[in-house]
Amino acid sequence: MEPKVINQTLSKAAQSGRWKYGQHSCFCQKQGSGNNWAYGYSVHGPRHEESIMDLIQKEVEKCDSLSGFFIIMSMAGGTGSGLGAFITQNLQDQYSNFLKMNHIIWPYGTGETPSLFMRMMLFIRSVQNY
């Protein structure tokens with residue numbers, strides 16, 4: 001959701017020449033979750049659920065044969081872990097017959113904030129059945 005991260009990802013993908021993401025395929029907001037898993041999951045998730053799931057639906061409709069979803073998220077912050085868990089659960093609800101593979105970006109060996117490991121446990125617990 002954070003514009004700086006999204007813009008860097010789009011720029012690096014375009015420079016590599018291997019990947020191309022359309023600006024219309026990205027969901028971005030200026031406000032992140034501030035290292036708060038619950039805020040990403042309980043506030044940003046429900047608030048932006050329709051917009052994000054509409055973007056996903058548009059991408060799914062472009063597929064000739066959908067095999068599944070490759071979900072990339074960070075476990076260190078509240079947006080990646082909280083909102084990522086919320087979206088993973090929504091994908092399971094709406095696309096239960098398709099594979100979902102979460103690629104998790106793990107934090108550094110030592111936490112950026114004292115609540116880092118709590119966010120990691122909340123995330124793992126919330127998506128372990130998906």
# chains A, B, ... in the order shown; residues from 1 in each chain; ligands from 1
>>> residues_around(residues="Pro3 in chain A", least_positions_apart="2", cutoff="12 Å", atoms="only C-alpha atoms", output="ChimeraX atom specification")
/A:1,5-11,23,26-32
>>> select_by_dssp(residues="range 43-94 of chain A", states="strand (DSSP E)", output="ChimeraX atom specification")
/A:68-74
>>> select_by_dssp(residues="range 34-63 of chain A", states="helix (DSSP H, G or I)", output="list in words")
Trp37, Ala38, Tyr39, Gly40, Tyr41, Ser42, Val43, His44, Gly45, Pro46, Arg47, His48, Glu49, Glu50, Ser51, Ile52, Met53, Asp54, Leu55, Ile56, Gln57, Lys58, Glu59, Val60 and Glu61 of chain A
>>> closest_residue(among="A:Ile87, A:Ala14, A:Ile72, A:Val127", to="Asp54 in chain A", atoms="only C-alpha atoms")
A:Ile87
>>> closest_atom_pairs(of="range 13-56 of chain A", to="range 80-84 of chain A", cutoff="6 Å", atoms="only C-alpha atoms", output="CSV")
residue,atom,partner,partner_atom,distance
A:Trp37,CA,A:Gly82,CA,4.4
A:Gly40,CA,A:Gly82,CA,4.3
A:Tyr41,CA,A:Gly82,CA,4.1
A:Gly45,CA,A:Leu83,CA,5.3
>>> residues_around(residues="Met53 in chain A", least_positions_apart="4", cutoff="9 Å", atoms="only C-alpha atoms", output="JSON, numbers by chain")
{"A": [48, 49, 57, 58, 87, 90, 91]}
>>> write_last_selection(atoms="all heavy atoms", output="compact mmCIF listing (two decimals), in the first residue's frame")
# COMPACT_ATOMS: atom_id res chain seq x y z
N HIS A 48 -10.44 -1.55 2.40
CA HIS A 48 -10.01 -1.59 1.00
C HIS A 48 -10.32 -2.92 0.32
O HIS A 48 -9.90 -3.16 -0.81
CB HIS A 48 -8.52 -1.30 0.91
CG HIS A 48 -8.13 0.02 1.49
ND1 HIS A 48 -8.58 1.21 0.99
CD2 HIS A 48 -7.36 0.33 2.56
CE1 HIS A 48 -8.09 2.20 1.70
NE2 HIS A 48 -7.35 1.70 2.67
N GLU A 49 -11.06 -3.78 0.99
CA GLU A 49 -11.35 -5.13 0.47
C GLU A 49 -11.95 -5.08 -0.94
O GLU A 49 -11.49 -5.78 -1.84
CB GLU A 49 -12.30 -5.85 1.41
CG GLU A 49 -12.73 -7.21 0.92
CD GLU A 49 -13.68 -7.90 1.89
OE1 GLU A 49 -14.10 -7.29 2.89
OE2 GLU A 49 -13.99 -9.07 1.63
N GLN A 57 -9.81 -9.53 -9.41
CA GLN A 57 -10.80 -10.08 -10.35
C GLN A 57 -10.49 -9.67 -11.79
O GLN A 57 -10.58 -10.49 -12.71
CB GLN A 57 -12.21 -9.64 -9.97
CG GLN A 57 -13.29 -10.16 -10.88
CD GLN A 57 -13.42 -11.68 -10.86
OE1 GLN A 57 -13.25 -12.30 -9.81
NE2 GLN A 57 -13.72 -12.27 -11.99
N LYS A 58 -10.08 -8.43 -11.99
CA LYS A 58 -9.74 -7.96 -13.34
C LYS A 58 -8.54 -8.72 -13.90
O LYS A 58 -8.51 -9.06 -15.08
CB LYS A 58 -9.45 -6.46 -13.33
CG LYS A 58 -10.70 -5.63 -13.15
CD LYS A 58 -10.37 -4.15 -13.08
CE LYS A 58 -11.62 -3.35 -12.78
NZ LYS A 58 -11.35 -1.94 -12.57
N ILE A 87 -6.03 -10.45 2.85
CA ILE A 87 -6.22 -10.73 1.41
C ILE A 87 -6.07 -12.23 1.13
O ILE A 87 -6.83 -12.79 0.34
CB ILE A 87 -5.25 -9.89 0.55
CG1 ILE A 87 -5.54 -8.40 0.73
CG2 ILE A 87 -5.31 -10.30 -0.91
CD1 ILE A 87 -6.96 -7.99 0.37
N ASN A 90 -9.28 -13.79 1.97
CA ASN A 90 -10.29 -13.46 0.96
C ASN A 90 -10.09 -14.27 -0.31
O ASN A 90 -11.06 -14.70 -0.94
CB ASN A 90 -10.27 -11.97 0.63
CG ASN A 90 -11.15 -11.18 1.56
OD1 ASN A 90 -12.36 -11.25 1.47
ND2 ASN A 90 -10.54 -10.46 2.48
N LEU A 91 -8.84 -14.46 -0.71
CA LEU A 91 -8.57 -15.28 -1.89
C LEU A 91 -9.04 -16.72 -1.65
O LEU A 91 -9.59 -17.35 -2.56
CB LEU A 91 -7.08 -15.26 -2.23
CG LEU A 91 -6.56 -13.97 -2.84
CD1 LEU A 91 -5.05 -14.01 -2.95
CD2 LEU A 91 -7.19 -13.73 -4.19
>>> closest_residue(among="A:Ala76, A:Met120, A:Ala85, A:Ile71", to="Met101 in chain A", atoms="only C-alpha atoms")
A:Ile71
>>> residues_around(residues="Met121 in chain A", least_positions_apart="4", cutoff="10 Å", atoms="only C-alpha atoms", output="ChimeraX atom specification")
/A:75,81,116-117,125-126
>>> atom_distance(atom1="CA of Phe86 in chain A", atom2="CA of Lys100 in chain A")
13.4 Å
>>> atom_distance(atom1="CA of Leu99 in chain A", atom2="CA of Ser67 in chain A")
6.5 Å
>>> closest_residue(among="A:Glu50, A:Ala38, A:Leu55, A:His103", to="Ser115 in chain A", atoms="only C-alpha atoms")
A:Ala38
>>> closest_residue(among="A:Phe69, A:Val43, A:Lys12, A:Ile105", to="Gln92 in chain A", atoms="only C-alpha atoms")
A:Phe69
>>> atom_distance(atom1="CA of Ile124 in chain A", atom2="CA of Met73 in chain A")
12.2 Å
>>> decode(residues="range 35-47 of chain A", atoms="all heavy atoms", output="compact mmCIF listing (two decimals), in the first residue's frame")
# COMPACT_ATOMS: atom_id res chain seq x y z
N ASN A 35 3.53 -0.69 11.46
CA ASN A 35 3.99 -1.85 12.23
C ASN A 35 2.91 -2.42 13.13
O ASN A 35 3.20 -3.01 14.17
CB ASN A 35 5.23 -1.52 13.05
CG ASN A 35 6.45 -1.34 12.18
OD1 ASN A 35 6.60 -2.03 11.18
ND2 ASN A 35 7.30 -0.40 12.53
N ASN A 36 1.65 -2.27 12.75
CA ASN A 36 0.55 -2.74 13.57
C ASN A 36 -0.24 -3.78 12.77
O ASN A 36 -1.02 -3.44 11.89
CB ASN A 36 -0.33 -1.56 13.97
CG ASN A 36 -1.43 -1.93 14.94
OD1 ASN A 36 -1.89 -3.06 14.97
ND2 ASN A 36 -1.85 -0.96 15.72
N TRP A 37 -0.04 -5.06 13.10
CA TRP A 37 -0.71 -6.15 12.39
C TRP A 37 -2.23 -5.99 12.43
O TRP A 37 -2.91 -6.13 11.43
CB TRP A 37 -0.31 -7.50 13.00
CG TRP A 37 -0.93 -8.67 12.30
CD1 TRP A 37 -0.39 -9.35 11.24
CD2 TRP A 37 -2.19 -9.29 12.57
NE1 TRP A 37 -1.25 -10.36 10.85
CE2 TRP A 37 -2.35 -10.33 11.65
CE3 TRP A 37 -3.19 -9.05 13.49
CZ2 TRP A 37 -3.47 -11.15 11.63
CZ3 TRP A 37 -4.32 -9.86 13.48
CH2 TRP A 37 -4.44 -10.91 12.56
N ALA A 38 -2.76 -5.70 13.61
CA ALA A 38 -4.20 -5.60 13.79
C ALA A 38 -4.79 -4.47 12.95
O ALA A 38 -5.88 -4.60 12.40
CB ALA A 38 -4.55 -5.40 15.26
N TYR A 39 -4.06 -3.38 12.80
CA TYR A 39 -4.55 -2.26 12.00
C TYR A 39 -4.60 -2.66 10.52
O TYR A 39 -5.56 -2.37 9.82
CB TYR A 39 -3.67 -1.03 12.20
CG TYR A 39 -4.30 0.25 11.73
CD1 TYR A 39 -5.29 0.86 12.48
CD2 TYR A 39 -3.93 0.83 10.53
CE1 TYR A 39 -5.90 2.03 12.06
CE2 TYR A 39 -4.53 2.01 10.09
CZ TYR A 39 -5.51 2.60 10.86
OH TYR A 39 -6.11 3.73 10.44
N GLY A 40 -3.56 -3.34 10.04
CA GLY A 40 -3.57 -3.81 8.66
C GLY A 40 -4.67 -4.82 8.41
O GLY A 40 -5.36 -4.78 7.39
N TYR A 41 -4.88 -5.72 9.35
CA TYR A 41 -5.87 -6.79 9.20
C TYR A 41 -7.30 -6.30 9.42
O TYR A 41 -8.20 -6.61 8.65
CB TYR A 41 -5.55 -7.92 10.17
CG TYR A 41 -6.42 -9.13 10.00
CD1 TYR A 41 -6.11 -10.11 9.08
CD2 TYR A 41 -7.57 -9.29 10.77
CE1 TYR A 41 -6.90 -11.23 8.90
CE2 TYR A 41 -8.38 -10.40 10.61
CZ TYR A 41 -8.04 -11.37 9.67
OH TYR A 41 -8.84 -12.46 9.51
N SER A 42 -7.52 -5.54 10.48
CA SER A 42 -8.88 -5.17 10.89
C SER A 42 -9.37 -3.84 10.36
O SER A 42 -10.57 -3.61 10.33
CB SER A 42 -8.96 -5.15 12.42
OG SER A 42 -8.64 -6.40 12.95
N VAL A 43 -8.44 -2.95 9.97
CA VAL A 43 -8.85 -1.64 9.47
C VAL A 43 -8.64 -1.53 7.97
O VAL A 43 -9.59 -1.35 7.20
CB VAL A 43 -8.12 -0.50 10.22
CG1 VAL A 43 -8.49 0.86 9.63
CG2 VAL A 43 -8.45 -0.54 11.71
N HIS A 44 -7.37 -1.66 7.54
CA HIS A 44 -7.09 -1.53 6.10
C HIS A 44 -7.75 -2.65 5.29
O HIS A 44 -8.23 -2.41 4.18
CB HIS A 44 -5.59 -1.52 5.82
CG HIS A 44 -4.94 -0.22 6.12
ND1 HIS A 44 -5.33 0.96 5.54
CD2 HIS A 44 -3.91 0.09 6.95
CE1 HIS A 44 -4.58 1.94 5.99
NE2 HIS A 44 -3.71 1.43 6.86
N GLY A 45 -7.76 -3.86 5.81
CA GLY A 45 -8.36 -4.97 5.08
C GLY A 45 -9.81 -4.73 4.73
O GLY A 45 -10.17 -4.65 3.55
N PRO A 46 -10.67 -4.57 5.72
CA PRO A 46 -12.08 -4.32 5.41
C PRO A 46 -12.32 -3.02 4.64
O PRO A 46 -13.18 -2.96 3.77
CB PRO A 46 -12.75 -4.25 6.79
CG PRO A 46 -11.85 -5.05 7.68
CD PRO A 46 -10.46 -4.81 7.15
N ARG A 47 -11.53 -1.99 4.94
CA ARG A 47 -11.72 -0.69 4.28
C ARG A 47 -11.45 -0.77 2.78
O ARG A 47 -12.12 -0.15 1.96
CB ARG A 47 -10.82 0.36 4.91
CG ARG A 47 -10.98 1.76 4.29
CD ARG A 47 -10.04 2.77 4.90
NE ARG A 47 -10.35 2.95 6.31
CZ ARG A 47 -9.50 3.47 7.20
NH1 ARG A 47 -8.29 3.84 6.82
NH2 ARG A 47 -9.85 3.61 8.45
